[in-house]
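Undergrad: Sending over a structure as structure tokens; questions will come in a sec.
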Amino acid sequence: MKTIKRSLVLDELDIRTNPDGTKRIFSIKFVTAKGKLIFVPQAFACGAGKMNNKQYRVRGIQPCDCSGNPESHVYPVRIDNIISYNAKRVVFIDNRGEQ
């Protein structure tokens, strides 16, 4: 499985729309705060409530259909709990170059 750096994933999640104005849709796998593994085949990034997403290291993930219409509810996802993004394993590399 190919890998992607977590910092690149977070940069991607900060970009909410494509140049043509449509929502940027992706697939993601993460672990919830209660330890449940969740795979969302189609989702877009959104706010995670009234909290400061960057301060609490959380991003909002909204499942959607293939047209970008919201389904279900928004998941607040801790950035350390993201397992894969667009079928790439998410890796964290610290300042020393170690995983």
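Residues in the structure tokens are named by chain (A, B, ... in the order shown) and by number from 1 within that chain; ligands are numbered from 1 in the order shown.
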Quick one: pick out all helix (DSSP H, G or I) residues within stretch 1-90 of chain A from a backbone DSSP run and write them as a list in words.

TA: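 So, restricting stretch 1-90 of chain A to helix (DSSP H, G or I), we get Arg6, Ser7, Leu8, Val9, Leu10, Asp11, Glu12, Leu13, Asp14, Ile79, Asp80 and Asn81 of chain A.
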
Undergrad: Go ahead and write the selection's residues with N, CA and C atoms as a PDB file, in the first residue's frame.

TA:
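This went into again.pdb:
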ATOM      1  N   ARG A   6       1.027  12.633   6.965  1.00  0.00           N
ATOM      2  CA  ARG A   6      -0.133  13.222   7.630  1.00  0.00           C
ATOM      3  C   ARG A   6      -0.235  14.718   7.351  1.00  0.00           C
ATOM      4  N   SER A   7       0.891  15.409   7.277  1.00  0.00           N
ATOM      5  CA  SER A   7       0.849  16.853   7.012  1.00  0.00           C
ATOM      6  C   SER A   7       0.223  17.142   5.647  1.00  0.00           C
ATOM      7  N   LEU A   8       0.482  16.276   4.663  1.00  0.00           N
ATOM      8  CA  LEU A   8      -0.121  16.454   3.345  1.00  0.00           C
ATOM      9  C   LEU A   8      -1.626  16.186   3.387  1.00  0.00           C
ATOM     10  N   VAL A   9      -2.031  15.191   4.177  1.00  0.00           N
ATOM     11  CA  VAL A   9      -3.465  14.908   4.350  1.00  0.00           C
ATOM     12  C   VAL A   9      -4.167  16.119   4.954  1.00  0.00           C
ATOM     13  N   LEU A  10      -3.569  16.709   5.978  1.00  0.00           N
ATOM     14  CA  LEU A  10      -4.184  17.874   6.620  1.00  0.00           C
ATOM     15  C   LEU A  10      -4.266  19.054   5.663  1.00  0.00           C
ATOM     16  N   ASP A  11      -3.241  19.232   4.830  1.00  0.00           N
ATOM     17  CA  ASP A  11      -3.298  20.285   3.809  1.00  0.00           C
ATOM     18  C   ASP A  11      -4.443  20.024   2.839  1.00  0.00           C
ATOM     19  N   GLU A  12      -4.622  18.758   2.443  1.00  0.00           N
ATOM     20  CA  GLU A  12      -5.710  18.387   1.537  1.00  0.00           C
ATOM     21  C   GLU A  12      -7.078  18.652   2.181  1.00  0.00           C
ATOM     22  N   LEU A  13      -7.209  18.347   3.480  1.00  0.00           N
ATOM     23  CA  LEU A  13      -8.484  18.556   4.168  1.00  0.00           C
ATOM     24  C   LEU A  13      -8.827  20.034   4.323  1.00  0.00           C
ATOM     25  N   ASP A  14      -7.808  20.890   4.312  1.00  0.00           N
ATOM     26  CA  ASP A  14      -8.053  22.327   4.417  1.00  0.00           C
ATOM     27  C   ASP A  14      -8.613  22.910   3.118  1.00  0.00           C
ATOM     28  N   ILE A  79      -6.744  13.987  14.336  1.00  0.00           N
ATOM     29  CA  ILE A  79      -5.779  13.816  13.248  1.00  0.00           C
ATOM     30  C   ILE A  79      -4.829  12.649  13.502  1.00  0.00           C
ATOM     31  N   ASP A  80      -4.577  12.313  14.752  1.00  0.00           N
ATOM     32  CA  ASP A  80      -3.709  11.178  15.061  1.00  0.00           C
ATOM     33  C   ASP A  80      -4.391   9.845  14.784  1.00  0.00           C
ATOM     34  N   ASN A  81      -5.706   9.845  14.586  1.00  0.00           N
ATOM     35  CA  ASN A  81      -6.469   8.608  14.395  1.00  0.00           C
ATOM     36  C   ASN A  81      -6.804   8.325  12.935  1.00  0.00           C
TER      37      ASN A  81
END

Undergrad: Which residues, written as an mmCIF file with N, CA and C atoms, in the first residue's frame, have at least one atom at most 7 Å from A:Lys29, with only C-alpha atoms counted and residues fewer than 6 positions away on the same chain left out?

TA:
data_model
loop_
_atom_site.group_PDB
_atom_site.id
_atom_site.type_symbol
_atom_site.label_atom_id
_atom_site.label_comp_id
_atom_site.auth_asym_id
_atom_site.auth_seq_id
_atom_site.Cartn_x
_atom_site.Cartn_y
_atom_site.Cartn_z
ATOM 1 N N ILE A 38 -13.711 3.119 11.402
ATOM 2 C CA ILE A 38 -14.722 3.611 10.471
ATOM 3 C C ILE A 38 -14.071 3.812 9.102
ATOM 4 N N PHE A 39 -14.716 3.302 8.054
ATOM 5 C CA PHE A 39 -14.291 3.567 6.681
ATOM 6 C C PHE A 39 -15.417 4.308 5.983
ATOM 7 N N VAL A 40 -15.086 5.440 5.393
ATOM 8 C CA VAL A 40 -16.066 6.232 4.653
ATOM 9 C C VAL A 40 -15.571 6.302 3.210
ATOM 10 N N ILE A 82 -6.249 9.104 12.013
ATOM 11 C CA ILE A 82 -6.495 8.854 10.593
ATOM 12 C C ILE A 82 -5.575 7.723 10.145
ATOM 13 N N ILE A 83 -6.163 6.652 9.608
ATOM 14 C CA ILE A 83 -5.423 5.463 9.188
ATOM 15 C C ILE A 83 -5.060 5.526 7.706
ATOM 16 N N SER A 84 -6.046 5.859 6.862
ATOM 17 C CA SER A 84 -5.777 5.953 5.425
ATOM 18 C C SER A 84 -6.592 7.084 4.816
ATOM 19 N N TYR A 85 -6.076 7.587 3.694
ATOM 20 C CA TYR A 85 -6.708 8.692 2.967
ATOM 21 C C TYR A 85 -6.555 8.370 1.483
#

Undergrad: Hey, what's within 10 Å of stretch 62-75 of chain A if we count only C-alpha atoms and toss same-chain stuff fewer than 5 positions away? As a CSV table (one decimal) with N, CA, C and O atoms, in the first residue's frame, please?

TA:
chain,number,residue,atom,x,y,z
A,22,THR,N,-16.9,22.7,-7.0
A,22,THR,CA,-17.5,21.5,-6.4
A,22,THR,C,-16.8,21.1,-5.2
A,22,THR,O,-15.6,21.4,-5.0
A,23,LYS,N,-17.4,20.3,-4.3
A,23,LYS,CA,-16.8,19.8,-3.1
A,23,LYS,C,-15.7,18.8,-3.5
A,23,LYS,O,-15.8,18.0,-4.4
A,24,ARG,N,-14.6,18.9,-2.7
A,24,ARG,CA,-13.5,17.9,-2.9
A,24,ARG,C,-13.9,16.6,-2.1
A,24,ARG,O,-13.9,16.6,-0.9
A,25,ILE,N,-14.1,15.6,-2.9
A,25,ILE,CA,-14.5,14.3,-2.3
A,25,ILE,C,-13.3,13.3,-2.2
A,25,ILE,O,-12.5,13.3,-3.1
A,26,PHE,N,-13.3,12.6,-1.1
A,26,PHE,CA,-12.2,11.7,-0.8
A,26,PHE,C,-12.7,10.5,0.0
A,26,PHE,O,-13.8,10.5,0.4
A,27,SER,N,-11.9,9.5,0.1
A,27,SER,CA,-12.2,8.3,1.0
A,27,SER,C,-11.2,8.4,2.2
A,27,SER,O,-10.1,8.9,2.1
A,28,ILE,N,-11.7,7.9,3.3
A,28,ILE,CA,-10.9,8.0,4.6
A,28,ILE,C,-11.3,6.8,5.5
A,28,ILE,O,-12.4,6.4,5.5
A,30,PHE,N,-10.6,5.9,9.7
A,30,PHE,CA,-10.1,6.4,10.9
A,30,PHE,C,-10.6,5.6,12.1
A,30,PHE,O,-11.5,4.8,11.9
A,32,THR,N,-12.4,6.0,15.8
A,32,THR,CA,-13.2,7.0,16.6
A,32,THR,C,-12.6,7.1,18.0
A,32,THR,O,-11.7,6.3,18.4
A,38,ILE,N,-13.7,3.1,11.4
A,38,ILE,CA,-14.7,3.6,10.5
A,38,ILE,C,-14.1,3.8,9.1
A,38,ILE,O,-13.0,4.4,9.0
A,39,PHE,N,-14.7,3.3,8.1
A,39,PHE,CA,-14.3,3.6,6.7
A,39,PHE,C,-15.4,4.3,6.0
A,39,PHE,O,-16.6,3.9,6.0
A,40,VAL,N,-15.1,5.4,5.4
A,40,VAL,CA,-16.1,6.2,4.7
A,40,VAL,C,-15.6,6.3,3.2
A,40,VAL,O,-14.6,6.9,2.9
A,41,PRO,N,-16.3,5.6,2.3
A,41,PRO,CA,-15.8,5.6,0.9
A,41,PRO,C,-15.9,6.9,0.2
A,41,PRO,O,-15.1,7.2,-0.8
A,42,GLN,N,-16.8,7.8,0.6
A,42,GLN,CA,-17.0,9.1,0.0
A,42,GLN,C,-17.3,10.1,1.0
A,42,GLN,O,-18.3,9.9,1.8
A,43,ALA,N,-16.5,11.2,1.1
A,43,ALA,CA,-16.8,12.2,2.2
A,43,ALA,C,-16.2,13.5,1.7
A,43,ALA,O,-15.4,13.5,0.7
A,44,PHE,N,-16.5,14.5,2.4
A,44,PHE,CA,-15.9,15.8,2.2
A,44,PHE,C,-15.6,16.4,3.6
A,44,PHE,O,-16.2,16.1,4.6
A,45,ALA,N,-14.6,17.4,3.6
A,45,ALA,CA,-14.2,18.0,4.9
A,45,ALA,C,-15.2,19.1,5.2
A,45,ALA,O,-15.7,19.8,4.3
A,46,CYS,N,-15.5,19.3,6.5
A,46,CYS,CA,-16.3,20.3,7.0
A,46,CYS,C,-15.9,20.7,8.4
A,46,CYS,O,-14.9,20.1,9.0
A,47,GLY,N,-16.6,21.6,9.1
A,47,GLY,CA,-16.3,21.9,10.5
A,47,GLY,C,-16.7,20.8,11.4
A,47,GLY,O,-17.6,20.0,11.1
A,48,ALA,N,-16.1,20.7,12.6
A,48,ALA,CA,-16.4,19.7,13.5
A,48,ALA,C,-17.1,20.3,14.7
A,48,ALA,O,-16.9,19.9,15.8
A,49,GLY,N,-18.0,21.2,14.5
A,49,GLY,CA,-18.8,21.8,15.6
A,49,GLY,C,-18.3,23.2,15.9
A,49,GLY,O,-17.6,23.8,15.1
